[in-house]
Each structure stands twice: as C-alpha cells, then as structure tokens.
$ cat run_33.txt   # compact mmCIF, C-alpha atoms
# COMPACT_ATOMS: atom_id res chain seq x y z
CA MET F 1 -3.90 -14.55 27.22
CA SER F 2 -6.61 -14.62 24.60
CA ASN F 3 -8.36 -17.83 23.63
CA LEU F 4 -7.54 -17.64 19.92
CA VAL F 5 -6.73 -21.06 18.54
CA VAL F 6 -5.29 -21.95 15.15
CA GLU F 7 -5.87 -25.45 13.80
CA ALA F 8 -2.95 -26.72 11.74
CA GLU F 9 -1.39 -29.85 10.33
CA LEU F 10 2.22 -30.85 10.09
CA ARG F 11 3.71 -30.10 6.66
CA GLU F 12 6.19 -32.59 5.32
CA GLU F 13 7.22 -31.01 2.03
CA SER F 14 8.82 -27.60 1.73
CA GLY F 15 9.79 -25.35 -1.14
CA ARG F 16 8.03 -23.32 -3.81
CA SER F 17 6.49 -26.20 -5.77
CA ALA F 18 5.19 -27.97 -2.68
CA ALA F 19 3.76 -24.69 -1.33
CA ARG F 20 1.93 -24.07 -4.62
CA ARG F 21 0.53 -27.63 -4.61
CA LEU F 22 -0.68 -27.01 -1.07
CA ARG F 23 -2.37 -23.71 -1.99
CA ARG F 24 -4.20 -25.41 -4.86
CA THR F 25 -5.81 -27.75 -2.33
CA GLY F 26 -7.25 -24.86 -0.28
CA LYS F 27 -4.54 -24.68 2.34
CA ILE F 28 -1.77 -22.23 3.08
CA PRO F 29 1.74 -22.97 4.34
CA GLY F 30 3.16 -21.52 7.53
CA ILE F 31 5.97 -22.02 9.98
CA ILE F 32 6.45 -21.90 13.73
CA TYR F 33 9.89 -20.93 14.97
CA GLY F 34 11.66 -19.38 17.95
CA GLY F 35 12.31 -20.53 21.48
CA ASP F 36 14.66 -23.45 21.99
CA LYS F 37 12.59 -25.86 19.91
CA PRO F 38 13.20 -26.76 16.25
CA ASP F 39 11.24 -25.07 13.45
CA LEU F 40 7.84 -26.61 12.71
CA PRO F 41 6.49 -26.32 9.15
CA ILE F 42 2.66 -26.36 9.19
CA SER F 43 -0.31 -25.97 6.87
CA MET F 44 -3.66 -24.36 7.66
CA ASP F 45 -7.11 -24.21 6.09
CA TYR F 46 -7.31 -21.09 3.93
CA PHE F 47 -10.92 -20.07 4.67
CA THR F 48 -10.62 -20.48 8.45
CA ILE F 49 -7.38 -18.52 8.67
CA SER F 50 -8.67 -15.76 6.33
CA LYS F 51 -11.58 -15.12 8.68
CA GLN F 52 -9.27 -15.09 11.69
CA LEU F 53 -6.94 -12.60 9.98
CA ASN F 54 -9.80 -10.08 9.78
CA ASP F 55 -9.81 -9.91 13.57
CA GLU F 56 -7.53 -7.21 15.00
CA GLN F 57 -6.77 -9.33 18.06
CA PHE F 58 -5.30 -12.07 15.89
CA HIS F 59 -2.42 -9.79 14.95
CA THR F 60 -1.52 -8.58 18.43
CA SER F 61 -2.48 -11.42 20.78
CA MET F 62 -0.84 -14.60 21.90
CA LEU F 63 -2.31 -17.53 19.97
CA GLU F 64 -2.34 -21.24 20.52
CA VAL F 65 -1.50 -23.35 17.48
CA LYS F 66 -2.81 -26.92 17.67
CA VAL F 67 -0.71 -28.98 15.28
CA LYS F 68 -2.06 -32.39 14.27
CA GLY F 69 0.74 -34.93 14.30
CA SER F 70 2.91 -32.98 16.71
CA ARG F 71 3.09 -33.18 20.48
CA GLY F 72 3.44 -30.21 22.78
CA LYS F 73 1.86 -26.81 23.12
CA ASN F 74 2.67 -23.94 20.76
CA THR F 75 2.01 -20.50 22.23
CA VAL F 76 2.89 -18.01 19.53
CA LEU F 77 2.56 -14.52 18.12
CA LEU F 78 1.83 -13.81 14.47
CA LYS F 79 5.23 -12.54 13.36
CA ALA F 80 4.71 -11.95 9.64
CA SER F 81 2.17 -12.53 6.90
CA GLN F 82 2.71 -12.68 3.15
CA TRP F 83 -0.02 -11.65 0.73
CA ASP F 84 -0.63 -11.95 -2.98
CA PRO F 85 -0.26 -8.40 -4.34
CA VAL F 86 -3.08 -8.76 -6.90
CA LYS F 87 -5.64 -11.07 -5.29
CA ASP F 88 -5.04 -9.78 -1.74
CA THR F 89 -5.12 -13.32 -0.39
CA VAL F 90 -2.80 -14.58 2.31
CA THR F 91 -0.05 -16.89 1.03
CA HIS F 92 2.13 -17.65 4.07
CA LEU F 93 2.18 -17.05 7.82
CA ASP F 94 5.08 -16.95 10.29
CA PHE F 95 4.44 -17.67 13.95
CA PHE F 96 6.99 -16.90 16.67
CA ARG F 97 7.05 -18.93 19.90
CA VAL F 98 6.75 -16.74 23.01
CA SER F 99 5.88 -17.04 26.66
CA ALA F 100 3.76 -14.52 28.52
CA SER F 101 6.70 -12.92 30.32
CA ASP F 102 8.80 -12.43 27.17
CA SER F 103 9.48 -8.92 25.97
CA VAL F 104 8.50 -8.62 22.33
CA THR F 105 8.59 -5.89 19.69
CA VAL F 106 5.40 -5.71 17.62
CA GLU F 107 3.65 -3.30 15.29
CA VAL F 108 0.40 -1.87 16.67
CA PRO F 109 -2.06 0.17 14.56
CA ILE F 110 -2.79 3.80 15.42
CA ILE F 111 -6.38 5.00 15.49
CA ALA F 112 -7.52 8.64 15.71
CA ILE F 113 -10.65 8.93 17.86
CA ASN F 114 -13.15 11.80 18.35
CA SER F 115 -12.03 13.38 15.10
CA GLU F 116 -15.62 14.40 14.24
CA LYS F 117 -15.84 16.63 17.35
CA CYS F 118 -12.40 18.12 16.79
CA PRO F 119 -12.51 21.94 16.29
CA GLY F 120 -9.89 21.71 13.55
CA VAL F 121 -11.93 19.23 11.53
CA VAL F 122 -15.08 21.33 12.00
CA ALA F 123 -13.10 24.26 10.56
CA GLY F 124 -12.29 22.21 7.47
CA GLY F 125 -9.00 20.59 8.52
CA LEU F 126 -7.98 17.00 7.90
CA VAL F 127 -6.61 14.46 10.36
CA ASP F 128 -3.44 13.24 8.68
CA ILE F 129 -2.02 10.08 10.23
CA VAL F 130 1.68 10.14 9.37
CA ARG F 131 2.46 6.77 10.95
CA HIS F 132 -0.28 4.18 10.65
CA VAL F 133 1.56 1.64 12.80
CA LEU F 134 3.87 2.02 15.77
CA GLU F 135 6.55 -0.45 16.77
CA ILE F 136 6.26 -0.97 20.51
CA THR F 137 8.15 -3.16 22.97
CA CYS F 138 6.17 -4.76 25.77
CA ARG F 139 5.33 -8.05 27.47
CA ALA F 140 3.81 -10.62 25.14
CA ASP F 141 0.59 -10.88 27.18
CA THR F 142 -0.06 -7.14 27.39
CA ILE F 143 0.13 -6.07 23.75
CA PRO F 144 -2.59 -3.47 23.08
CA ASP F 145 -4.92 -4.11 20.08
CA SER F 146 -4.39 -0.51 18.97
CA ILE F 147 -3.15 2.84 20.22
CA GLU F 148 -5.86 5.47 20.30
CA ILE F 149 -5.09 9.16 19.90
CA ASP F 150 -7.76 11.55 21.11
CA CYS F 151 -8.23 14.39 18.61
CA SER F 152 -11.13 16.10 20.41
CA GLU F 153 -9.15 19.25 21.29
CA MET F 154 -6.90 19.61 18.28
CA ASN F 155 -6.85 22.68 16.05
CA ILE F 156 -5.48 23.18 12.56
CA GLY F 157 -1.70 22.94 12.62
CA ASP F 158 -1.55 20.90 15.82
CA THR F 159 0.79 17.93 15.80
CA VAL F 160 1.06 14.82 17.94
CA HIS F 161 4.59 13.52 18.43
CA ILE F 162 5.63 10.14 19.74
CA GLU F 163 6.47 11.55 23.17
CA ASP F 164 2.95 13.01 23.50
CA ILE F 165 1.23 9.64 23.23
CA PRO F 166 0.20 7.95 26.48
CA LEU F 167 1.31 4.35 26.05
CA PRO F 168 -0.14 1.43 28.03
CA GLU F 169 1.74 0.49 31.20
CA GLY F 170 4.91 -1.49 30.51
CA ALA F 171 4.98 -0.55 26.83
CA GLU F 172 7.65 1.62 25.29
CA VAL F 173 8.59 2.87 21.86
CA LEU F 174 12.30 2.87 21.10
CA HIS F 175 13.10 6.10 19.25
CA ASP F 176 15.98 8.52 18.78
CA VAL F 177 13.96 11.37 17.30
CA ASN F 178 10.65 12.71 18.60
CA PHE F 179 8.93 11.91 15.30
CA THR F 180 5.47 13.05 14.21
CA VAL F 181 2.66 10.51 14.45
CA LEU F 182 -0.36 12.58 13.51
CA ASN F 183 -1.15 16.14 12.50
CA LEU F 184 -4.16 18.21 11.67
CA ALA F 185 -3.57 19.56 8.19
CA ALA F 186 -5.09 22.77 6.90
CA PRO F 187 -7.78 22.55 4.21
CA THR F 188 -6.37 22.06 0.73
CA LYS F 189 -5.78 25.31 -1.10
CA ALA F 190 -7.43 25.78 -4.47
CA GLU F 191 -5.17 24.32 -7.12
CA PRO F 192 -4.53 26.02 -10.47
CA GLU F 193 -7.67 26.18 -12.56
CA PRO F 194 -8.23 22.97 -14.54
CA GLU F 195 -9.04 25.12 -17.59
CA ALA F 196 -5.50 26.52 -17.42
CA VAL F 197 -4.08 22.99 -17.28
CA GLU F 198 -6.22 21.97 -20.22
CA SER F 199 -5.22 25.03 -22.19
CA GLU F 200 -1.56 24.20 -21.51
CA ALA F 201 -2.18 20.67 -22.71
CA GLY F 202 -3.89 22.10 -25.76
CA GLU F 203 -0.92 24.36 -26.45
CA GLU F 204 1.42 21.41 -26.14
CA ALA F 205 -0.72 19.43 -28.51
CA GLY F 206 -0.65 22.39 -30.85
CA GLU F 207 3.12 22.54 -30.65
CA ALA F 208 3.34 18.83 -31.31
CA THR F 209 1.20 19.15 -34.42
CA ALA F 210 3.30 22.12 -35.52
CA ASP F 211 6.45 20.01 -35.07
CA GLU F 212 4.90 17.16 -37.00
CA ALA F 213 3.92 19.54 -39.79
CA ALA F 214 7.50 20.87 -39.87
CA ALA F 215 8.82 17.30 -40.02
CA GLU F 216 6.46 16.51 -42.87
CA GLU F 217 7.65 19.54 -44.73
CA MET T 218 2.54 16.95 -16.36
CA LEU T 219 4.93 14.73 -14.44
CA GLN T 220 8.35 14.02 -15.89
CA PRO T 221 11.88 13.66 -14.50
CA LYS T 222 13.76 16.90 -13.78
CA LYS T 223 17.09 15.49 -14.83
CA ILE T 224 17.81 12.57 -17.13
CA ARG T 225 20.96 10.67 -17.92
CA TRP T 226 19.94 9.22 -21.29
CA ARG T 227 17.34 10.73 -23.62
CA LYS T 228 16.19 7.45 -25.15
CA HIS T 229 15.52 4.18 -23.34
CA HIS T 230 14.76 0.61 -24.28
CA LYS T 231 11.15 -0.47 -23.84
CA GLU T 232 12.16 -2.13 -20.53
CA LEU T 233 9.40 -4.71 -20.73
CA ALA T 234 10.87 -6.51 -17.71
CA ARG T 235 9.57 -3.59 -15.64
CA ILE T 236 5.96 -4.50 -16.41
CA ARG T 237 6.15 -8.29 -16.23
CA GLY T 238 4.90 -10.23 -13.22
CA LYS T 239 3.35 -9.02 -10.02
CA SER T 240 4.54 -5.95 -8.17
CA PRO T 241 6.93 -6.96 -5.40
CA ARG T 242 6.75 -3.49 -3.88
CA GLY T 243 4.20 -0.70 -3.68
CA ALA T 244 1.30 -3.13 -3.32
CA ASN T 245 0.06 -1.88 0.06
CA LEU T 246 -1.61 1.34 1.14
CA ASN T 247 1.03 3.55 2.77
CA PHE T 248 -0.58 6.95 3.20
CA GLY T 249 -4.34 7.03 2.82
CA GLN T 250 -7.42 5.03 3.69
CA TYR T 251 -8.45 4.18 0.13
CA GLY T 252 -6.50 3.33 -2.98
CA LEU T 253 -6.66 2.31 -6.61
CA LYS T 254 -4.76 -0.90 -7.40
CA ALA T 255 -3.59 -2.08 -10.83
CA MET T 256 -4.97 -5.53 -11.66
CA GLU T 257 -2.88 -5.97 -14.79
CA PRO T 258 0.47 -4.64 -15.96
CA GLY T 259 0.79 -1.75 -18.37
CA ARG T 260 2.31 1.58 -19.26
CA ILE T 261 0.50 4.69 -18.05
CA THR T 262 1.35 7.97 -19.72
CA ALA T 263 1.97 11.21 -17.82
CA ARG T 264 -1.12 12.64 -19.52
CA GLN T 265 -3.31 9.79 -18.24
CA ILE T 266 -1.88 10.15 -14.71
CA GLU T 267 -2.71 13.86 -14.75
CA ALA T 268 -6.19 13.31 -16.21
CA ALA T 269 -7.03 10.79 -13.48
CA ARG T 270 -5.68 13.11 -10.77
CA ILE T 271 -7.77 16.03 -12.01
CA THR T 272 -10.85 13.78 -12.12
CA ILE T 273 -10.38 12.71 -8.50
CA ASN T 274 -9.85 16.28 -7.29
CA ARG T 275 -12.86 17.59 -9.20
CA HIS T 276 -15.15 14.86 -7.90
CA VAL T 277 -14.23 15.38 -4.25
CA LYS T 278 -14.37 19.17 -4.77
CA ARG T 279 -10.79 19.52 -3.54
CA GLN T 280 -11.59 17.92 -0.17
CA GLY T 281 -9.29 15.38 1.44
CA ARG T 282 -5.88 14.42 0.11
CA VAL T 283 -4.63 12.49 -2.88
CA TRP T 284 -1.29 10.74 -3.30
CA ILE T 285 0.10 9.56 -6.64
CA ARG T 286 2.09 6.36 -6.16
CA MET T 287 3.62 6.08 -9.64
CA PHE T 288 5.97 8.26 -11.63
CA PRO T 289 6.45 8.43 -15.40
CA ASP T 290 10.22 7.95 -15.65
CA LEU T 291 10.39 6.02 -18.94
CA PRO T 292 10.62 8.04 -22.17
CA VAL T 293 8.85 6.64 -25.22
CA SER T 294 10.21 7.57 -28.64
CA LYS T 295 8.25 7.75 -31.84
CA LYS T 296 9.08 8.26 -35.50
CA PRO T 297 7.19 11.00 -37.30
CA ALA T 298 4.34 10.03 -39.59
CA GLU T 299 5.13 8.88 -43.13
CA VAL T 300 8.82 8.41 -42.47
CA ARG T 301 10.64 5.37 -43.87
CA MET T 302 12.10 2.84 -41.46
CA GLY T 303 15.76 3.17 -40.51
CA LYS T 304 17.84 6.29 -40.01
CA GLY T 305 17.98 5.77 -36.28
CA LYS T 306 15.59 5.80 -33.34
CA GLY T 307 12.77 8.34 -33.27
CA SER T 308 12.67 11.32 -30.93
CA PRO T 309 11.24 11.06 -27.37
CA GLU T 310 7.54 11.93 -27.48
CA PHE T 311 6.08 11.26 -24.04
CA TRP T 312 6.78 9.76 -20.63
CA VAL T 313 5.21 6.65 -19.14
CA ALA T 314 5.11 4.89 -15.78
CA ALA T 315 5.78 1.17 -16.07
CA VAL T 316 3.26 -0.46 -13.74
CA ARG T 317 3.11 -4.08 -12.63
CA ALA T 318 -0.02 -5.89 -11.50
CA GLY T 319 -0.77 -5.19 -7.84
CA ARG T 320 0.76 -1.72 -7.73
CA ILE T 321 -1.15 0.98 -5.84
CA LEU T 322 -1.62 3.86 -8.29
CA TYR T 323 -3.45 6.49 -6.21
CA GLU T 324 -4.28 6.84 -2.54
CA MET T 325 -6.94 9.02 -0.91
CA ASP T 326 -7.87 10.12 2.57
CA GLY T 327 -10.12 12.63 4.32
CA VAL T 328 -13.35 11.79 2.45
CA SER T 329 -16.15 9.28 2.97
CA GLU T 330 -15.77 5.78 1.53
CA ASP T 331 -18.64 6.24 -0.95
CA LEU T 332 -17.17 9.47 -2.30
CA ALA T 333 -13.70 7.93 -2.52
CA ARG T 334 -15.03 4.91 -4.42
CA GLU T 335 -16.90 7.16 -6.87
CA ALA T 336 -13.85 9.36 -7.45
CA LEU T 337 -11.49 6.41 -7.92
CA ALA T 338 -13.92 4.70 -10.30
CA LEU T 339 -14.02 7.87 -12.43
CA ALA T 340 -10.22 8.04 -12.33
CA ALA T 341 -9.99 4.36 -13.34
CA ALA T 342 -11.90 5.19 -16.51
CA LYS T 343 -9.01 7.44 -17.58
CA LEU T 344 -6.44 4.65 -17.26
CA PRO T 345 -5.54 2.01 -19.86
CA ILE T 346 -5.49 -0.94 -17.43
CA ARG T 347 -7.99 -2.80 -15.22
CA THR T 348 -7.99 -1.58 -11.62
CA LYS T 349 -9.83 -2.10 -8.35
CA VAL T 350 -10.52 0.07 -5.31
CA VAL T 351 -8.90 -1.11 -2.08
CA VAL T 352 -9.61 -0.01 1.49
CA ARG T 353 -7.18 -0.15 4.40
CA GLY T 354 -7.93 -3.35 6.33
CA VAL T 355 -6.87 -5.13 9.46
CA GLY T 356 -3.25 -6.25 9.54
CA ARG T 357 -2.29 -4.86 6.13

$ encode --input "run_33.txt" --output "structure tokens"
Amino acid sequence: MSNLVVEAELREESGRSAARRLRRTGKIPGIIYGGDKPDLPISMDYFTISKQLNDEQFHTSMLEVKVKGSRGKNTVLLKASQWDPVKDTVTHLDFFRVSASDSVTVEVPIIAINSEKCPGVVAGGLVDIVRHVLEITCRADTIPDSIEIDCSEMNIGDTVHIEDIPLPEGAEVLHDVNFTVLNLAAPTKAEPEPEAVESEAGEEAGEATADEAAAEE
Amino acid sequence: MLQPKKIRWRKHHKELARIRGKSPRGANLNFGQYGLKAMEPGRITARQIEAARITINRHVKRQGRVWIRMFPDLPVSKKPAEVRMGKGKGSPEFWVAAVRAGRILYEMDGVSEDLAREALALAAAKLPIRTKVVVRGVGR
C-alpha cells in the first residue's frame, strides 16, 4: 500500500448551495462511501488536493483519508472526480472504501513506449492510441500506475489488440470482443489543394452575390 | 464545408438554450494529446470551422492528426438586403455549430507540443470566441 494521505474535515452541510459556499472558502466537497459503514461527507483543502491529483499514483493507489472529527481509519480508492469544464479545476471527489484483498475495477492509463525507435514512426507513421484508458479488474493493492505498450518493433499498419497486451499478474480485462488498443497509422495523404478549396469558396461567394443581385432585381 | 447530409426542417429557431451555460459533455480530450477549448459560448460557422482546420493542417505541414469535435447542424436564415420586414422568415444562408463554454473544438496528436500550440493558436484566431489550448493531463 502506498503512503498517500489525504487530510479532510467532516462536512455537516450538503447540497448545491452548501457546496458552493464551501468552494468559495478554498475547499472542495467530497464523500467516502462503500464497505459496511455509513457514507461520510468530507471537505478538503483545494490547493493540497490539486497538487495530489497531478500525481499518477493518486488515481490508482490505495489512499488513507484522515478525517478530523471522525474516528476510525478510512482506506480508500479515488472512485470519481468532477471537474469544472471551463476552469479545469476539481469540484468534487468520490472515495470508495476498500481493503487490500478486495477485487476492484479501475481505469488505468495506457502509455506507448519506445515509439521514437519504432521503424514505423521512422518511416513517417503515427502511433494512434485508440483507447487511452483500460478498465482492469485486480486486487486493490496491486493496481498498476499505467499499462505500457512497447512499440519498438511495430511497422506501419500494425495493430495491438487487447489480447496482445501483457497485463500484470492477477489483473484481467473483461471483454467480449478483441478490441483495438493501439495502431500505427500510415502518414497522412496529401489533402485536396487548399487553393481548390478557396476557389470553391470563392465560387460559392460568387453564387451568393449573384443570388442577392437576382433578389434585388 | 461541413453541413448535415439530411435535414428534417429547413429553418430552425435560434436555439439559444444550446449555447447557454457550461458544456456538460465534450469538455475532455478524447482522441488526441492536445486540444482547443472554448472559454465562452458562441456560434461558429461552417466556414470558420473549415478555415481553422486548414490553418492547423498547413502549419503542421500535414503531419499528425486533427479531429474536429463540433458540427454545424444549426441553419441560420437571413433576409436579403433592402427587403421590408414581414413576409415570412428569410431563406437559410449558412450553418453554425452551437458551442457552450468548455467544449473541446479541435484535437491534435502526432506532433510536438510547441508545434501543436502554435497551430492551435493560429486556428483560434479564425474563431469568433475566446479559446485556450489544453494538454492531456493526469487523471483526466
């Protein structure tokens, strides 16, 4: 288990208005649920939690939430995070109580490694990651930070499917179809000449003016 | 230019509700590493979408990939010049995409971050709304 700790306080008010009041004071609301215990509404310091959210481990590791005003230990996983679509700031966090032996389903990012050495990329191809995250089922204490796909021997047109990926021991991906995770796309073909597009636009503009002239007449 | 292949009604209302508030969907990068995000709501015409796309492709010299995350599905009608009011709604003139604040407009991949930022900044100059460049980050 990692030693990531989240400092939090017990939250007494709930609802939209109370959450907004809380955010104005530099805190963000959150909740701890799961297990056999009751739900625990909490609030956290915005700046501290924002820094922690930039760490990859924070999203895939077991965390300990220390709640002021509440007894007992909270060992959790970050289940969901809500973000402001414009400001890109976190607005709410969900934590799910787990124990190390629990089997959990989490999303893990996919990273393509050695793509610079890849013969396909040298020939002008492009590593196209079709799925940026993979939903895996494993023990809560053995969640990988990321799944790395080695591209060092891939050529243009090669594809990596879910069944080709070596997963960490004990982890599995539930799937019906052997879906594509990554492929090496061919270089983009030359598109129609921009001059042609512009001339079309010009023609359309010309037609429009002709129509307008006809309407005026 | 982009426009729907098949339409049910030729003329629409302005549908201002489609540009009010923040975008509940389409606010995260789904395909590429870099993106251009709308910081305010607005209507983007098919011509502006195409102009920005051409700018991106020219700047990166047709390297990498570009995704367009909006579609102009709203027809805008206009009366001809010097025509008196009344006598019904004008004829459809162009198509626009109704965009809310927070919406990802374009995504890019396969180029360096500096080149992507330059290309997206040039594309942003073709659009009628304020935008910002976003990069795929941890956990989002």

$ interface_residues --input "run_33.txt" --of "chain F" --to "chain T" --cutoff "6 Å" --atoms "only C-alpha atoms" --output "ChimeraX atom specification"
/F:54,56,85-86

$ closest_atom_pairs --input "run_33.txt" --of "range 9-66 of chain F" --to "range 133-156 of chain F" --cutoff "8 Å" --atoms "only C-alpha atoms" --output "CSV"
residue,atom,partner,partner_atom,distance
F:Glu56,CA,F:Asp145,CA,6.5
F:Gln57,CA,F:Asp145,CA,5.9
F:Thr60,CA,F:Asp145,CA,5.9
F:Ser61,CA,F:Ile143,CA,6.7
F:Met62,CA,F:Asp141,CA,6.6

$ residues_around --input "run_33.txt" --residues "Ala338 in chain T" --least-positions-apart "2" --cutoff "9 Å" --atoms "all atoms listed in the file" --output "JSON, numbers by chain"
{"T": [253, 273, 333, 334, 335, 336, 340, 341, 342, 348, 349, 350]}

$ atom_distance --input "run_33.txt" --atom1 "CA of Lys343 in chain T" --atom2 "CA of Asp88 in chain F"
23.7 Å

$ residues_around --input "run_33.txt" --residues "Ser294 in chain T" --least-positions-apart "5" --cutoff "6 Å" --atoms "all atoms listed in the file" --output "PyMOL selection string"
chain T and resi 307-310

$ atom_distance --input "run_33.txt" --atom1 "CA of Tyr46 in chain F" --atom2 "CA of Leu22 in chain F"
10.2 Å

$ atom_distance --input "run_33.txt" --atom1 "CA of Leu184 in chain F" --atom2 "CA of Asp55 in chain F"
28.7 Å

$ residues_around --input "run_33.txt" --residues "range 219-236 of chain T" --least-positions-apart "3" --cutoff "6 Å" --atoms "all atoms listed in the file" --output "PyMOL selection string"
chain T and resi 258+263+289+315-317

$ write_last_selection --input "run_33.txt" --atoms "C-alpha atoms" --output "PDB file, keeping the file's coordinate frame"
ATOM      1  CA  PRO T 258       0.470  -4.640 -15.960  1.00  0.00           C
ATOM      2  CA  ALA T 263       1.970  11.210 -17.820  1.00  0.00           C
ATOM      3  CA  PRO T 289       6.450   8.430 -15.400  1.00  0.00           C
ATOM      4  CA  ALA T 315       5.780   1.170 -16.070  1.00  0.00           C
ATOM      5  CA  VAL T 316       3.260  -0.460 -13.740  1.00  0.00           C
ATOM      6  CA  ARG T 317       3.110  -4.080 -12.630  1.00  0.00           C
TER       7      ARG T 317
END

$ axis_aligned_box --input "run_33.txt" --around "range 242-246 of chain T" --padding-each-side "4 Å" --output "lines of an AutoDock Vina configuration file"
center_x = 2.6
center_y = -1.1
center_z = -1.4
size_x = 16.4
size_y = 12.8
size_z = 13.0

$ residues_around --input "run_33.txt" --residues "Ile32 in chain F" --least-positions-apart "5" --cutoff "9 Å" --atoms "only C-alpha atoms" --output "ChimeraX atom specification"
/F:38-42,65,74,76,93-97

$ residues_around --input "run_33.txt" --residues "Leu4 in chain F" --least-positions-apart "2" --cutoff "8 Å" --atoms "all atoms listed in the file" --output "ChimeraX atom specification"
/F:2,6,58,62-64

$ closest_residue --input "run_33.txt" --among "T:Leu332, T:Gly238, T:Val293, T:Val283" --to "Ala269 in chain T" --atoms "only C-alpha atoms"
T:Val283

$ decode --input "run_33.txt" --residues "range 34-101 of chain F" --atoms "C-alpha atoms" --output "compact mmCIF listing (two decimals), in the first residue's frame"
# COMPACT_ATOMS: atom_id res chain seq x y z
CA GLY F 34 -18.66 1.75 0.39
CA GLY F 35 -17.96 -1.09 2.76
CA ASP F 36 -20.42 -1.71 5.57
CA LYS F 37 -20.00 1.75 7.09
CA PRO F 38 -22.28 4.75 6.52
CA ASP F 39 -21.40 7.45 3.97
CA LEU F 40 -19.06 10.16 5.24
CA PRO F 41 -19.33 13.63 3.68
CA ILE F 42 -15.95 15.43 3.87
CA SER F 43 -14.26 18.62 2.75
CA MET F 44 -10.63 19.05 1.68
CA ASP F 45 -8.24 21.93 1.08
CA TYR F 46 -8.32 22.81 -2.62
CA PHE F 47 -4.62 23.59 -3.15
CA THR F 48 -3.36 20.48 -1.36
CA ILE F 49 -5.70 18.14 -3.21
CA SER F 50 -4.99 19.80 -6.59
CA LYS F 51 -1.29 19.05 -6.19
CA GLN F 52 -2.03 15.47 -5.17
CA LEU F 53 -4.29 14.98 -8.20
CA ASN F 54 -1.33 15.71 -10.51
CA ASP F 55 0.33 12.54 -9.23
CA GLU F 56 -0.50 9.43 -11.27
CA GLN F 57 -0.30 7.23 -8.19
CA PHE F 58 -3.09 9.18 -6.52
CA HIS F 59 -5.55 7.87 -9.10
CA THR F 60 -4.61 4.20 -8.93
CA SER F 61 -3.34 3.63 -5.38
CA MET F 62 -4.98 2.93 -2.08
CA LEU F 63 -5.13 6.14 -0.04
CA GLU F 64 -5.64 6.88 3.60
CA VAL F 65 -8.11 9.64 4.37
CA LYS F 66 -7.63 11.23 7.80
CA VAL F 67 -10.93 12.86 8.72
CA LYS F 68 -10.90 15.41 11.55
CA GLY F 69 -13.87 14.85 13.80
CA SER F 70 -14.35 11.23 12.83
CA ARG F 71 -12.93 8.11 14.43
CA GLY F 72 -11.64 5.11 12.54
CA LYS F 73 -9.39 4.51 9.58
CA ASN F 74 -10.51 5.15 6.01
CA THR F 75 -8.58 3.17 3.40
CA VAL F 76 -9.99 4.19 0.05
CA LEU F 77 -9.57 4.39 -3.71
CA LEU F 78 -10.33 7.52 -5.71
CA LYS F 79 -13.53 6.41 -7.43
CA ALA F 80 -14.54 9.53 -9.36
CA SER F 81 -13.60 13.17 -9.76
CA GLN F 82 -15.71 16.04 -11.06
CA TRP F 83 -14.13 19.00 -12.84
CA ASP F 84 -15.24 22.43 -13.93
CA PRO F 85 -15.40 22.25 -17.75
CA VAL F 86 -14.10 25.80 -18.27
CA LYS F 87 -11.64 26.42 -15.44
CA ASP F 88 -10.38 22.82 -15.31
CA THR F 89 -10.47 22.87 -11.52
CA VAL F 90 -11.63 19.94 -9.43
CA THR F 91 -15.07 20.42 -7.87
CA HIS F 92 -15.85 17.14 -6.10
CA LEU F 93 -14.17 13.83 -5.24
CA ASP F 94 -15.64 10.40 -4.51
CA PHE F 95 -13.66 7.92 -2.44
CA PHE F 96 -14.58 4.24 -2.21
CA ARG F 97 -13.68 2.20 0.88
CA VAL F 98 -11.62 -0.91 0.05
CA SER F 99 -9.36 -3.40 1.73
CA ALA F 100 -6.17 -4.71 0.17
CA SER F 101 -7.66 -8.09 -0.73
